[in-house]
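*Asks:* One structure, pasted below without further comment.
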Amino acid sequence: MPELPEVETIRRTLAKHLPGRKIEEVEIRLPKLVSPEPERFQALLRGQSFSSFERRGKLLMIHLQGLVLLVHFRLTGQLIYAPQPQEEPPYTHLVFQLDQGRLFYADLRQFGWLELIPEAALASHPFLRRLGPEPLELPFEDFYRLLQRRRRLKALLLDQEVIAGLGNIYVDETLFRAGLHPERQAHTLSEAEARKLWQVIQDVLQEAIRTRGSSVRNYVDGEGVEGTFQEQHLVYNKRQAPCPKCGQPIAYAKIAGRGTYFCPRCQR
DNA sequence: GACAACCTGACC
DNA sequence: GGTCAGGTTGTC
């Protein structure tokens with residue numbers, strides 16, 4: 001589900017409500033999602049209050065007092081704040097009872113994870129340590145250097161160690177807008193092609209954040225609200241639809257292990 | 001690089 | 001029944 005724009009939207013919506021809110025109790029119904037083990041997870045969080053909300057790639061980082069709660073949503077994770085009593089979302093696995101309202105973690109496919117670590121351990125955390133640069137803070141010159149590898153664009157851009165935050169939707173959408181074939185070898189791009197790709201990544205991510213992310217399946221933000229960037233998708237999930245540029249049918253193929261949508265005529 | 005694994009559900 | 005799904009990790 002959530003790629004960079006979605007996690008950023010979740011971060012912003014939670015940051016509107018939660019700083020200062022105190023955790024009174026944590027209910028854990030699916031122990032495998034949390035670390036350390038549930039008893040310790042609960043004990044550490046009880047009495048803590050939310051401080052600031054940060055993001056790295058697709059990872060949400062929630063600061064408390066000397067601790068950080070890392071949340072990775074994987075495909076179907078949701079973190080939803082309910083200020084007033086309300087029915088909990090389907091597939092709720094964690095409930096944080098707060099001094100005002102509740103925070104739900106729901107996850108249909110149960111692939112997400114929440115890990116509580118000391119703030120001092122952030123920099124050396126194995127997941128964070130391996131993440132590549134933030135695409136929206138990446139100068140073109142650095143991006144161009146990342147492309148100098150013998151690897152297909154689709155695989156390269158999906159690799160979180162190369163660049164952190166793009167997922168299947170945004171890779172397909174940016175490659176289409178840049179007119180680049182997903183199987184094109186990255187190192188064969190001219191500087192002009194690379195610059196176009198860099199610019200398109202900036203534009204698409206910013207526009208997707210502005211429109212609060214893509215809700216194609218079950219993504220909602222920290223208030224339970226859907227995004228609208230899916231209305232601006234040009235190829236993702238549009239197999240056989242006419243290409244918006246040339247009218248030829250959009251192709252679908254498995255590339256780098258992922259379902260990939262592209263126009264074989266416009267993308268070279 | 002390909003593929004299976006982790007889960008549940010939607011769709012053909 | 002089969003295939004696919006916004007992610008990541010481990011195995012060959």
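Identifiers in this document derive from the order of the structure tokens: chains are assigned A, B, ..., residues are numbered from 1 separately in each chain, and ligands are numbered from 1 in order of occurrence.
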Give the strand (DSSP E or B) residues of segment 50-189 of chain A, as DSSP finds them on the backbone, and put them as a PyMOL selection string.

*Replies:* chain A and resi 53-56+59-63+67-72+77-82+92-98+102-107+113-118+152+185

*Asks:* Just the residues within 9 Å of Gln160 of chain A, please, counting only C-alpha atoms (C1' of nucleotides), with nothing from its chain fewer than 2 positions along; format it as a VMD selection string.

*Replies:* chain A and resid 57 130 to 133 156 to 158 162 to 167

*Asks:* When you get a sec, could you note down which chain A residues fall within 7 Å of chain B, using only C-alpha atoms (C1' of nucleotides), as a compact mmCIF listing (two decimals) with all heavy atoms, in the first residue's frame?

*Replies:*
```txt
# COMPACT_ATOMS: atom_id res chain seq x y z
N LEU A 108 -4.62 -5.79 7.00
CA LEU A 108 -5.30 -6.95 6.44
C LEU A 108 -4.34 -8.13 6.22
O LEU A 108 -4.59 -9.24 6.63
CB LEU A 108 -5.97 -6.56 5.12
CG LEU A 108 -6.89 -7.57 4.42
CD1 LEU A 108 -7.91 -6.82 3.57
CD2 LEU A 108 -6.10 -8.53 3.55
N ARG A 109 -3.20 -7.86 5.60
CA ARG A 109 -2.32 -8.97 5.26
C ARG A 109 -1.26 -9.27 6.32
O ARG A 109 -0.46 -10.19 6.15
CB ARG A 109 -1.70 -8.71 3.89
CG ARG A 109 -2.75 -8.77 2.79
CD ARG A 109 -2.19 -8.50 1.42
NE ARG A 109 -1.34 -9.57 0.96
CZ ARG A 109 -0.71 -9.55 -0.21
NH1 ARG A 109 -0.82 -8.51 -0.99
NH2 ARG A 109 0.05 -10.55 -0.57
N GLN A 110 -1.24 -8.48 7.35
CA GLN A 110 -0.36 -8.76 8.50
C GLN A 110 1.12 -8.75 8.17
O GLN A 110 1.91 -9.44 8.81
CB GLN A 110 -0.74 -10.11 9.14
CG GLN A 110 -2.21 -10.24 9.45
CD GLN A 110 -2.57 -11.62 9.99
OE1 GLN A 110 -1.72 -12.43 10.28
NE2 GLN A 110 -3.87 -11.86 10.14
N PHE A 111 1.51 -7.99 7.14
CA PHE A 111 2.93 -7.95 6.76
C PHE A 111 3.69 -6.81 7.43
O PHE A 111 4.92 -6.77 7.42
CB PHE A 111 3.10 -7.79 5.25
CG PHE A 111 2.68 -8.98 4.44
CD1 PHE A 111 2.43 -8.86 3.08
CD2 PHE A 111 2.55 -10.23 5.03
CE1 PHE A 111 2.05 -9.95 2.33
CE2 PHE A 111 2.17 -11.33 4.29
CZ PHE A 111 1.92 -11.19 2.93
```

*Asks:* Write down, as a PyMOL selection string, each residue of chain C that has any atom within 10 Å of an atom of chain A, counting only C-alpha atoms (C1' of nucleotides).

*Replies:* chain C and resi 4-8

*Asks:* Next, dump the selected residues to file, keeping only C-alpha atoms (C1' of nucleotides), as a PDB file, in the first residue's frame.

*Replies:*
```pdb
ATOM      1  C1'  DC C   4      -3.158 -10.921  -8.678  1.00  0.00           C
ATOM      2  C1'  DA C   5      -2.224  -7.295  -4.967  1.00  0.00           C
ATOM      3  C1'  DG C   6       0.918  -0.488  -2.899  1.00  0.00           C
ATOM      4  C1'  DG C   7       6.777  -4.622   0.302  1.00  0.00           C
ATOM      5  C1'  DT C   8      10.671  -6.860   1.942  1.00  0.00           C
TER       6       DT C   8
END
```

*Asks:* Calculate how many Å separate atom CA of Gly47 of chain A from atom CA of Phe127 of chain A, rounding to one decimal.

*Replies:*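 Separation between atom CA of Gly47 of chain A and atom CA of Phe127 of chain A: 27.1 Å.
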
*Asks:* Between atom CA of Ile23 of chain A and atom CA of Leu45 of chain A, what is the spacing in Å?

*Replies:*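 It comes out at 6.7 Å.
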
*Asks:* Which of segment 133-202 of chain A counts as alpha helix (DSSP H) under DSSP, as a PyMOL selection string please?

*Replies:* chain A and resi 140-146+153-158+168-178+191-202
